[in-house]
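**Q** See protein.cif below, with mmCIF, C-alpha atoms and all ligand atoms; chains and numbers go by the auth columns.
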data_work
#
loop_
_atom_site.group_PDB
_atom_site.id
_atom_site.type_symbol
_atom_site.label_atom_id
_atom_site.label_comp_id
_atom_site.label_asym_id
_atom_site.label_seq_id
_atom_site.Cartn_x
_atom_site.Cartn_y
_atom_site.Cartn_z
_atom_site.B_iso_or_equiv
_atom_site.auth_seq_id
_atom_site.auth_asym_id
ATOM 1 C CA MET A 1 -166.565 -44.109 60.818 0.00 1 F
ATOM 2 C CA GLU A 2 -164.001 -41.998 62.642 0.00 2 F
ATOM 3 C CA GLU A 3 -164.809 -38.980 64.718 0.00 3 F
ATOM 4 C CA GLY A 4 -165.542 -35.929 62.552 0.00 4 F
ATOM 5 C CA LEU A 5 -162.608 -33.607 61.964 0.00 5 F
ATOM 6 C CA GLU A 6 -162.728 -30.210 60.310 0.00 6 F
ATOM 7 C CA GLY A 7 -162.731 -30.693 56.543 0.00 7 F
ATOM 8 C CA GLU A 8 -163.201 -34.454 56.805 0.00 8 F
ATOM 9 C CA GLU A 9 -164.872 -36.094 53.843 0.00 9 F
ATOM 10 C CA TYR A 10 -167.647 -38.652 53.957 0.00 10 F
ATOM 11 C CA LEU A 11 -168.737 -40.904 51.124 0.00 11 F
ATOM 12 C CA PHE A 12 -172.266 -42.293 51.249 0.00 12 F
ATOM 13 C CA LYS A 13 -173.858 -44.710 48.804 0.00 13 F
ATOM 14 C CA VAL A 14 -177.508 -44.024 48.025 0.00 14 F
ATOM 15 C CA VAL A 15 -179.635 -46.211 45.733 0.00 15 F
ATOM 16 C CA LEU A 16 -182.645 -45.367 43.593 0.00 16 F
ATOM 17 C CA ILE A 17 -185.261 -48.095 43.311 0.00 17 F
ATOM 18 C CA GLY A 18 -188.781 -48.366 41.917 0.00 18 F
ATOM 19 C CA ASP A 19 -190.566 -49.617 38.810 0.00 19 F
ATOM 20 C CA SER A 20 -189.323 -48.919 35.323 0.00 20 F
ATOM 21 C CA ALA A 21 -190.004 -45.424 33.870 0.00 21 F
ATOM 22 C CA VAL A 22 -191.016 -43.740 37.146 0.00 22 F
ATOM 23 C CA GLY A 23 -188.248 -41.167 36.567 0.00 23 F
ATOM 24 C CA LYS A 24 -185.268 -42.479 38.568 0.00 24 F
ATOM 25 C CA SER A 25 -182.649 -41.514 35.954 0.00 25 F
ATOM 26 C CA ASN A 26 -184.151 -38.092 35.507 0.00 26 F
ATOM 27 C CA LEU A 27 -184.263 -37.460 39.259 0.00 27 F
ATOM 28 C CA LEU A 28 -180.577 -38.322 39.392 0.00 28 F
ATOM 29 C CA SER A 29 -179.590 -36.182 36.416 0.00 29 F
ATOM 30 C CA ARG A 30 -181.725 -33.312 37.738 0.00 30 F
ATOM 31 C CA PHE A 31 -180.023 -33.534 41.135 0.00 31 F
ATOM 32 C CA ALA A 32 -176.434 -34.088 39.997 0.00 32 F
ATOM 33 C CA ARG A 33 -176.354 -32.159 36.711 0.00 33 F
ATOM 34 C CA ASN A 34 -179.517 -30.069 36.698 0.00 34 F
ATOM 35 C CA GLU A 35 -180.596 -31.745 33.457 0.00 35 F
ATOM 36 C CA PHE A 36 -183.797 -33.400 32.265 0.00 36 F
ATOM 37 C CA ASP A 37 -183.968 -35.906 29.422 0.00 37 F
ATOM 38 C CA PRO A 38 -187.403 -35.926 27.755 0.00 38 F
ATOM 39 C CA ASN A 39 -186.669 -39.028 25.662 0.00 39 F
ATOM 40 C CA ASN A 40 -188.622 -42.071 26.677 0.00 40 F
ATOM 41 C CA LYS A 41 -185.712 -44.424 26.181 0.00 41 F
ATOM 42 C CA ALA A 42 -184.444 -47.128 28.465 0.00 42 F
ATOM 43 C CA THR A 43 -181.972 -46.057 31.105 0.00 43 F
ATOM 44 C CA ILE A 44 -178.530 -46.386 29.654 0.00 44 F
ATOM 45 C CA GLY A 45 -175.104 -46.817 31.037 0.00 45 F
ATOM 46 C CA VAL A 46 -174.649 -44.575 34.044 0.00 46 F
ATOM 47 C CA GLU A 47 -174.083 -46.652 37.139 0.00 47 F
ATOM 48 C CA PHE A 48 -173.807 -43.770 39.558 0.00 48 F
ATOM 49 C CA LEU A 49 -173.177 -40.049 39.806 0.00 49 F
ATOM 50 C CA THR A 50 -171.420 -38.346 42.673 0.00 50 F
ATOM 51 C CA GLN A 51 -172.704 -35.107 44.143 0.00 51 F
ATOM 52 C CA GLU A 52 -170.925 -33.128 46.836 0.00 52 F
ATOM 53 C CA LEU A 53 -172.668 -31.148 49.507 0.00 53 F
ATOM 54 C CA GLU A 54 -171.759 -29.595 52.817 0.00 54 F
ATOM 55 C CA ILE A 55 -173.532 -30.506 56.045 0.00 55 F
ATOM 56 C CA ASP A 56 -172.478 -29.013 59.375 0.00 56 F
ATOM 57 C CA GLY A 57 -169.198 -27.886 57.808 0.00 57 F
ATOM 58 C CA LYS A 58 -168.385 -31.427 56.619 0.00 58 F
ATOM 59 C CA MET A 59 -167.876 -32.256 52.970 0.00 59 F
ATOM 60 C CA ILE A 60 -170.243 -35.064 52.025 0.00 60 F
ATOM 61 C CA LYS A 61 -169.952 -36.982 48.790 0.00 61 F
ATOM 62 C CA ALA A 62 -173.134 -38.787 47.865 0.00 62 F
ATOM 63 C CA GLN A 63 -172.607 -41.564 45.364 0.00 63 F
ATOM 64 C CA ILE A 64 -176.074 -42.082 43.933 0.00 64 F
ATOM 65 C CA TRP A 65 -176.766 -45.285 42.037 0.00 65 F
ATOM 66 C CA ASP A 66 -179.197 -45.766 39.194 0.00 66 F
ATOM 67 C CA THR A 67 -180.414 -49.250 38.282 0.00 67 F
ATOM 68 C CA ALA A 68 -179.348 -48.963 34.618 0.00 68 F
ATOM 69 C CA GLY A 69 -182.575 -50.727 33.659 0.00 69 F
ATOM 70 C CA GLN A 70 -182.142 -53.858 35.821 0.00 70 F
ATOM 71 C CA GLU A 71 -185.543 -53.238 37.448 0.00 71 F
ATOM 72 C CA ARG A 72 -187.234 -54.187 34.187 0.00 72 F
ATOM 73 C CA PHE A 73 -186.796 -57.735 35.499 0.00 73 F
ATOM 74 C CA ARG A 74 -188.723 -56.666 38.652 0.00 74 F
ATOM 75 C CA ALA A 75 -185.653 -57.006 40.886 0.00 75 F
ATOM 76 C CA VAL A 76 -182.129 -55.673 41.108 0.00 76 F
ATOM 77 C CA THR A 77 -179.007 -57.601 42.020 0.00 77 F
ATOM 78 C CA SER A 78 -177.569 -57.751 45.531 0.00 78 F
ATOM 79 C CA ALA A 79 -174.414 -56.003 44.236 0.00 79 F
ATOM 80 C CA TYR A 80 -176.546 -52.947 43.571 0.00 80 F
ATOM 81 C CA TYR A 81 -177.575 -52.709 47.225 0.00 81 F
ATOM 82 C CA ARG A 82 -174.156 -53.570 48.699 0.00 82 F
ATOM 83 C CA GLY A 83 -172.933 -50.844 51.036 0.00 83 F
ATOM 84 C CA ALA A 84 -175.993 -48.616 50.551 0.00 84 F
ATOM 85 C CA VAL A 85 -176.830 -46.400 53.521 0.00 85 F
ATOM 86 C CA GLY A 86 -179.705 -44.516 51.904 0.00 86 F
ATOM 87 C CA ALA A 87 -182.499 -45.266 49.425 0.00 87 F
ATOM 88 C CA LEU A 88 -185.125 -43.360 47.479 0.00 88 F
ATOM 89 C CA ILE A 89 -188.080 -45.576 46.609 0.00 89 F
ATOM 90 C CA VAL A 90 -189.744 -43.915 43.630 0.00 90 F
ATOM 91 C CA TYR A 91 -193.231 -44.262 42.130 0.00 91 F
ATOM 92 C CA ASP A 92 -195.060 -42.263 39.464 0.00 92 F
ATOM 93 C CA ILE A 93 -198.129 -40.382 40.783 0.00 93 F
ATOM 94 C CA SER A 94 -199.834 -40.915 37.406 0.00 94 F
ATOM 95 C CA ARG A 95 -199.445 -44.726 37.448 0.00 95 F
ATOM 96 C CA LYS A 96 -201.095 -46.594 40.318 0.00 96 F
ATOM 97 C CA THR A 97 -199.279 -49.866 39.639 0.00 97 F
ATOM 98 C CA THR A 98 -195.944 -48.199 40.394 0.00 98 F
ATOM 99 C CA PHE A 99 -197.325 -47.186 43.808 0.00 99 F
ATOM 100 C CA GLU A 100 -198.619 -50.709 44.417 0.00 100 F
ATOM 101 C CA SER A 101 -195.081 -52.004 43.785 0.00 101 F
ATOM 102 C CA VAL A 102 -193.565 -49.901 46.578 0.00 102 F
ATOM 103 C CA LYS A 103 -194.015 -52.599 49.249 0.00 103 F
ATOM 104 C CA ARG A 104 -192.218 -55.137 47.076 0.00 104 F
ATOM 105 C CA TRP A 105 -189.306 -52.705 46.634 0.00 105 F
ATOM 106 C CA LEU A 106 -189.220 -52.114 50.378 0.00 106 F
ATOM 107 C CA ASP A 107 -189.113 -55.867 50.996 0.00 107 F
ATOM 108 C CA GLU A 108 -186.229 -56.209 48.578 0.00 108 F
ATOM 109 C CA LEU A 109 -184.388 -53.346 50.281 0.00 109 F
ATOM 110 C CA THR A 110 -184.923 -54.930 53.695 0.00 110 F
ATOM 111 C CA THR A 111 -183.552 -58.243 52.414 0.00 111 F
ATOM 112 C CA HIS A 112 -180.323 -56.639 51.238 0.00 112 F
ATOM 113 C CA CYS A 113 -179.671 -53.709 53.565 0.00 113 F
ATOM 114 C CA GLU A 114 -179.545 -52.984 57.276 0.00 114 F
ATOM 115 C CA THR A 115 -182.682 -51.539 58.847 0.00 115 F
ATOM 116 C CA THR A 116 -180.796 -48.306 59.580 0.00 116 F
ATOM 117 C CA VAL A 117 -180.715 -47.398 55.884 0.00 117 F
ATOM 118 C CA ALA A 118 -182.240 -43.902 55.472 0.00 118 F
ATOM 119 C CA ARG A 119 -185.371 -44.294 53.328 0.00 119 F
ATOM 120 C CA MET A 120 -187.522 -41.793 51.474 0.00 120 F
ATOM 121 C CA LEU A 121 -190.697 -42.534 49.526 0.00 121 F
ATOM 122 C CA VAL A 122 -190.804 -40.327 46.425 0.00 122 F
ATOM 123 C CA GLY A 123 -193.959 -39.689 44.381 0.00 123 F
ATOM 124 C CA ASN A 124 -192.455 -38.366 41.143 0.00 124 F
ATOM 125 C CA LYS A 125 -194.086 -36.537 38.179 0.00 125 F
ATOM 126 C CA CYS A 126 -196.163 -34.269 40.422 0.00 126 F
ATOM 127 C CA ASP A 127 -196.325 -31.885 37.443 0.00 127 F
ATOM 128 C CA LEU A 128 -198.864 -34.335 35.920 0.00 128 F
ATOM 129 C CA GLU A 129 -201.699 -33.192 38.208 0.00 129 F
ATOM 130 C CA ASP A 130 -204.346 -33.848 35.528 0.00 130 F
ATOM 131 C CA LEU A 131 -203.259 -37.479 35.268 0.00 131 F
ATOM 132 C CA ARG A 132 -202.875 -38.043 39.015 0.00 132 F
ATOM 133 C CA ALA A 133 -203.785 -41.618 40.025 0.00 133 F
ATOM 134 C CA VAL A 134 -202.246 -41.650 43.524 0.00 134 F
ATOM 135 C CA SER A 135 -203.381 -38.968 45.971 0.00 135 F
ATOM 136 C CA LEU A 136 -200.994 -37.037 48.185 0.00 136 F
ATOM 137 C CA GLU A 137 -202.751 -38.610 51.188 0.00 137 F
ATOM 138 C CA GLU A 138 -202.138 -42.166 49.943 0.00 138 F
ATOM 139 C CA GLY A 139 -198.438 -41.400 49.602 0.00 139 F
ATOM 140 C CA LYS A 140 -198.250 -39.784 53.037 0.00 140 F
ATOM 141 C CA ASN A 141 -200.140 -42.633 54.691 0.00 141 F
ATOM 142 C CA LEU A 142 -197.935 -45.338 53.216 0.00 142 F
ATOM 143 C CA ALA A 143 -194.813 -43.431 54.245 0.00 143 F
ATOM 144 C CA GLU A 144 -196.114 -43.021 57.776 0.00 144 F
ATOM 145 C CA GLU A 145 -197.103 -46.686 58.004 0.00 145 F
ATOM 146 C CA GLN A 146 -193.668 -47.805 56.806 0.00 146 F
ATOM 147 C CA GLY A 147 -191.645 -45.192 58.707 0.00 147 F
ATOM 148 C CA LEU A 148 -190.295 -43.408 55.643 0.00 148 F
ATOM 149 C CA PHE A 149 -189.679 -39.790 54.776 0.00 149 F
ATOM 150 C CA PHE A 150 -192.033 -38.674 52.013 0.00 150 F
ATOM 151 C CA MET A 151 -192.006 -36.121 49.235 0.00 151 F
ATOM 152 C CA GLU A 152 -193.684 -35.552 45.896 0.00 152 F
ATOM 153 C CA THR A 153 -191.230 -34.402 43.235 0.00 153 F
ATOM 154 C CA SER A 154 -190.984 -33.417 39.600 0.00 154 F
ATOM 155 C CA ALA A 155 -187.739 -34.109 37.789 0.00 155 F
ATOM 156 C CA LEU A 156 -189.297 -32.209 34.877 0.00 156 F
ATOM 157 C CA ASN A 157 -189.709 -28.862 36.649 0.00 157 F
ATOM 158 C CA SER A 158 -187.284 -29.490 39.555 0.00 158 F
ATOM 159 C CA THR A 159 -189.906 -29.478 42.328 0.00 159 F
ATOM 160 C CA ASN A 160 -188.439 -30.860 45.582 0.00 160 F
ATOM 161 C CA VAL A 161 -185.682 -32.851 43.848 0.00 161 F
ATOM 162 C CA GLN A 162 -182.821 -31.161 45.676 0.00 162 F
ATOM 163 C CA THR A 163 -184.724 -31.285 48.958 0.00 163 F
ATOM 164 C CA ALA A 164 -185.560 -34.994 48.671 0.00 164 F
ATOM 165 C CA PHE A 165 -181.938 -36.024 48.156 0.00 165 F
ATOM 166 C CA GLU A 166 -180.708 -33.630 50.827 0.00 166 F
ATOM 167 C CA ILE A 167 -183.101 -34.968 53.464 0.00 167 F
ATOM 168 C CA VAL A 168 -181.868 -38.514 52.835 0.00 168 F
ATOM 169 C CA ILE A 169 -178.216 -37.482 52.889 0.00 169 F
ATOM 170 C CA ARG A 170 -178.675 -35.463 56.081 0.00 170 F
ATOM 171 C CA GLU A 171 -180.399 -38.432 57.742 0.00 171 F
ATOM 172 C CA ILE A 172 -177.479 -40.680 56.766 0.00 172 F
ATOM 173 C CA TYR A 173 -175.087 -38.134 58.235 0.00 173 F
ATOM 174 C CA ASN A 174 -177.160 -38.082 61.444 0.00 174 F
ATOM 175 C CA ASN A 175 -177.133 -41.889 61.598 0.00 175 F
ATOM 176 C CA VAL A 176 -173.354 -41.925 61.205 0.00 176 F
ATOM 177 C CA SER A 177 -172.921 -39.200 63.826 0.00 177 F
ATOM 178 C CA ARG A 178 -175.097 -41.077 66.307 0.00 178 F
ATOM 179 C CA LYS A 179 -172.974 -44.214 65.918 0.00 179 F
ATOM 180 C CA VAL A 180 -169.816 -42.139 66.487 0.00 180 F
ATOM 181 C CA LEU A 181 -171.131 -40.714 69.755 0.00 181 F
HETATM 182 P P1 LIG B . -186.529 -44.659 35.034 0.00 1 G
HETATM 183 O O1 LIG B . -186.752 -45.811 34.107 0.00 1 G
HETATM 184 O O2 LIG B . -187.228 -44.847 36.349 0.00 1 G
HETATM 185 O O3 LIG B . -185.077 -44.297 35.196 0.00 1 G
HETATM 186 O O4 LIG B . -187.276 -43.398 34.375 0.00 1 G
HETATM 187 P P2 LIG B . -186.713 -42.233 33.415 0.00 1 G
HETATM 188 O O5 LIG B . -185.945 -41.222 34.212 0.00 1 G
HETATM 189 O O6 LIG B . -186.007 -42.872 32.254 0.00 1 G
HETATM 190 O O7 LIG B . -188.068 -41.539 32.964 0.00 1 G
HETATM 191 C C1 LIG B . -189.082 -42.271 32.274 0.00 1 G
HETATM 192 C C2 LIG B . -189.953 -41.317 31.487 0.00 1 G
HETATM 193 O O8 LIG B . -190.644 -40.425 32.363 0.00 1 G
HETATM 194 C C3 LIG B . -189.181 -40.411 30.514 0.00 1 G
HETATM 195 O O9 LIG B . -189.964 -40.235 29.353 0.00 1 G
HETATM 196 C C4 LIG B . -189.050 -39.101 31.265 0.00 1 G
HETATM 197 O O10 LIG B . -188.910 -38.023 30.375 0.00 1 G
HETATM 198 C C5 LIG B . -190.349 -39.062 32.057 0.00 1 G
HETATM 199 N N1 LIG B . -190.230 -38.328 33.335 0.00 1 G
HETATM 200 C C6 LIG B . -189.298 -38.499 34.301 0.00 1 G
HETATM 201 N N2 LIG B . -189.512 -37.673 35.337 0.00 1 G
HETATM 202 C C7 LIG B . -190.599 -36.944 35.023 0.00 1 G
HETATM 203 C C8 LIG B . -191.339 -35.903 35.709 0.00 1 G
HETATM 204 O O11 LIG B . -191.028 -35.456 36.821 0.00 1 G
HETATM 205 N N3 LIG B . -192.453 -35.407 35.066 0.00 1 G
HETATM 206 C C9 LIG B . -192.841 -35.858 33.832 0.00 1 G
HETATM 207 N N4 LIG B . -193.933 -35.316 33.301 0.00 1 G
HETATM 208 N N5 LIG B . -192.179 -36.837 33.170 0.00 1 G
HETATM 209 C C10 LIG B . -191.077 -37.357 33.754 0.00 1 G
#
Kindly transcribe the structure held in the file into structure tokens.
Ligand code: GDP

**A**
Amino acid sequence: MEEGLEGEEYLFKVVLIGDSAVGKSNLLSRFARNEFDPNNKATIGVEFLTQELEIDGKMIKAQIWDTAGQERFRAVTSAYYRGAVGALIVYDISRKTTFESVKRWLDELTTHCETTVARMLVGNKCDLEDLRAVSLEEGKNLAEEQGLFFMETSALNSTNVQTAFEIVIREIYNNVSRKVL
């Protein structure tokens, strides 16, 4: 990456991973379009959405990839990970099995991406407090153990969605800046 110039644009690829139906598509549509889709249908079509944001006066384009349902086969292809510099590993706070899968998703990420990839653990559906099966502490502890950022979100009511993506994108920007220096 070249030295930052005023008005320079950056394009970062960020991937969403995690078990099926944890809310990856809805997190993406909430972030990029401020929309929520209540239908419980399989993820369709969209490969990625691009969202622009400004950090330190630089225009950043985040190209955020959704699995388009590939994860139903418990893995996604190496093409999906190619060139990714950030990842959100998502589980559903109301389904323990999705939390138990996080380590497997991290292993897959490590196999395909450099260790410098900015990583955030995301406990989605925090609006479902009555159905909570994974405590806030469990999420925090796993994130700490694995060296990840951590946040609980709700794509349904927008809680922390913007913040979660922005933290990852800012970390990527910091990583790029450090390499430039
Ligand atoms: P994906 O398979 O991981 O992409 O998951 P989807 O985004 O398709 O969401 C799966 C299901 O969970 C859908 O029925 C969504 O409406 C629902 N869902 C997604 N995010 C949330 C959330 O934050 N809260 C609640 N209550 N439901 C959600």

**Q** Please find the residues contacting ligand LIG 1 (chain G) at a distance of at most 10 Å between atoms, with all atoms listed in the file counted, and report them as JSON, numbers by chain.

**A** {"F": [16, 17, 18, 19, 20, 21, 22, 23, 24, 25, 26, 27, 28, 29, 30, 36, 37, 38, 39, 40, 41, 42, 43, 44, 66, 67, 68, 69, 70, 71, 72, 90, 91, 92, 93, 94, 123, 124, 125, 126, 127, 128, 129, 131, 152, 153, 154, 155, 156, 157, 158, 159, 161]}

**Q** Applied to the shown file, which residues does the PyMOL selection byres (((chain F and resi 111) around 12) and not hetatm) return, written as an MDAnalysis selection string?

**A** chainID F and resid 75:78 81:82 104:110 112:115 117

**Q** Please write the residues from the selection above to a file, keeping C-alpha atoms, as a PDB file, keeping the file's coordinate frame.

**A**
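The resulting file, out-v3.pdb, is shown below:
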ATOM      1  CA  ALA F  75    -185.653 -57.006  40.886  1.00  0.00           C
ATOM      2  CA  VAL F  76    -182.129 -55.673  41.108  1.00  0.00           C
ATOM      3  CA  THR F  77    -179.007 -57.601  42.020  1.00  0.00           C
ATOM      4  CA  SER F  78    -177.569 -57.751  45.531  1.00  0.00           C
ATOM      5  CA  TYR F  81    -177.575 -52.709  47.225  1.00  0.00           C
ATOM      6  CA  ARG F  82    -174.156 -53.570  48.699  1.00  0.00           C
ATOM      7  CA  ARG F 104    -192.218 -55.137  47.076  1.00  0.00           C
ATOM      8  CA  TRP F 105    -189.306 -52.705  46.634  1.00  0.00           C
ATOM      9  CA  LEU F 106    -189.220 -52.114  50.378  1.00  0.00           C
ATOM     10  CA  ASP F 107    -189.113 -55.867  50.996  1.00  0.00           C
ATOM     11  CA  GLU F 108    -186.229 -56.209  48.578  1.00  0.00           C
ATOM     12  CA  LEU F 109    -184.388 -53.346  50.281  1.00  0.00           C
ATOM     13  CA  THR F 110    -184.923 -54.930  53.695  1.00  0.00           C
ATOM     14  CA  HIS F 112    -180.323 -56.639  51.238  1.00  0.00           C
ATOM     15  CA  CYS F 113    -179.671 -53.709  53.565  1.00  0.00           C
ATOM     16  CA  GLU F 114    -179.545 -52.984  57.276  1.00  0.00           C
ATOM     17  CA  THR F 115    -182.682 -51.539  58.847  1.00  0.00           C
ATOM     18  CA  VAL F 117    -180.715 -47.398  55.884  1.00  0.00           C
TER      19      VAL F 117
END

**Q** Starting from the displayed file, determine the output of the PyMOL selection byres (((chain F and resi 51) around 9) and not hetatm) and express the residue list as a count of residues only.

**A** 12

**Q** For Asn174 of chain F, which of F:Leu136, F:Val14, F:Ile55, F:Met120 is the closest residue, counting all atoms listed in the file?

**A**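 Distance minimum relative to Asn174 of chain F lands on F:Ile55.
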
**Q** Could you state the separation of atom CA of Ile172 of chain F and atom CA of Lys140 of chain F in Å, given to one decimal place?

**A**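 Distance between the two atoms: 21.1 Å.
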
**Q** What does the structure give for the distance between atom CA of Gly86 of chain F and atom CA of Lys13 of chain F, in Å to one decimal?

**A** 6.6 Å

**Q** When distances are computed from all atoms listed in the file, which of F:Met151, F:Val15, F:Val134, F:Ala87 shows the smallest separation from Phe99 of chain F?

**A**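 Nearest to Phe99 of chain F: F:Val134.
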
**Q** So, with only C-alpha atoms as the atoms that count, which of F:Thr97, F:Ser177, F:Leu121, F:Asn160 lies closest to Asn141 of chain F?

**A**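 Selected residue with least distance to Asn141 of chain F: F:Leu121.
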
**Q** Grab the atom CA of Glu54 of chain F to atom CA of Asn175 of chain F distance for me, in Å with one decimal place.

**A**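 Separation of atom CA of Glu54 of chain F and atom CA of Asn175 of chain F: 16.0 Å.
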
**Q** Return as JSON the box centre and box size in Å, one decimal, for an axis-aligned box around all listed atoms of segment 141-150 of chain F padded by 3 Å per side.

**A**
{"center_x": -194.9, "center_y": -43.2, "center_z": 55.4, "size_x": 16.5, "size_y": 15.1, "size_z": 12.7}

**Q** Restricting the calculation to all atoms listed in the file: of F:Arg132, F:Arg95, F:Lys103, F:Arg119, which residue gets closest to Ile169 of chain F?

**A**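 Among the listed residues, the smallest separation from Ile169 of chain F belongs to F:Arg119.
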
**Q** Give as a list in words every residue, naming chains and numbers as the document does, that has an atom within 7 Å of (-200.9, -44.8, 47.0), counting only C-alpha atoms.

**A**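 Residues with an atom at most 7 Å from (-200.9, -44.8, 47.0): Lys96, Phe99, Glu100, Val134, Ser135, Glu138, Gly139 and Leu142 of chain F.
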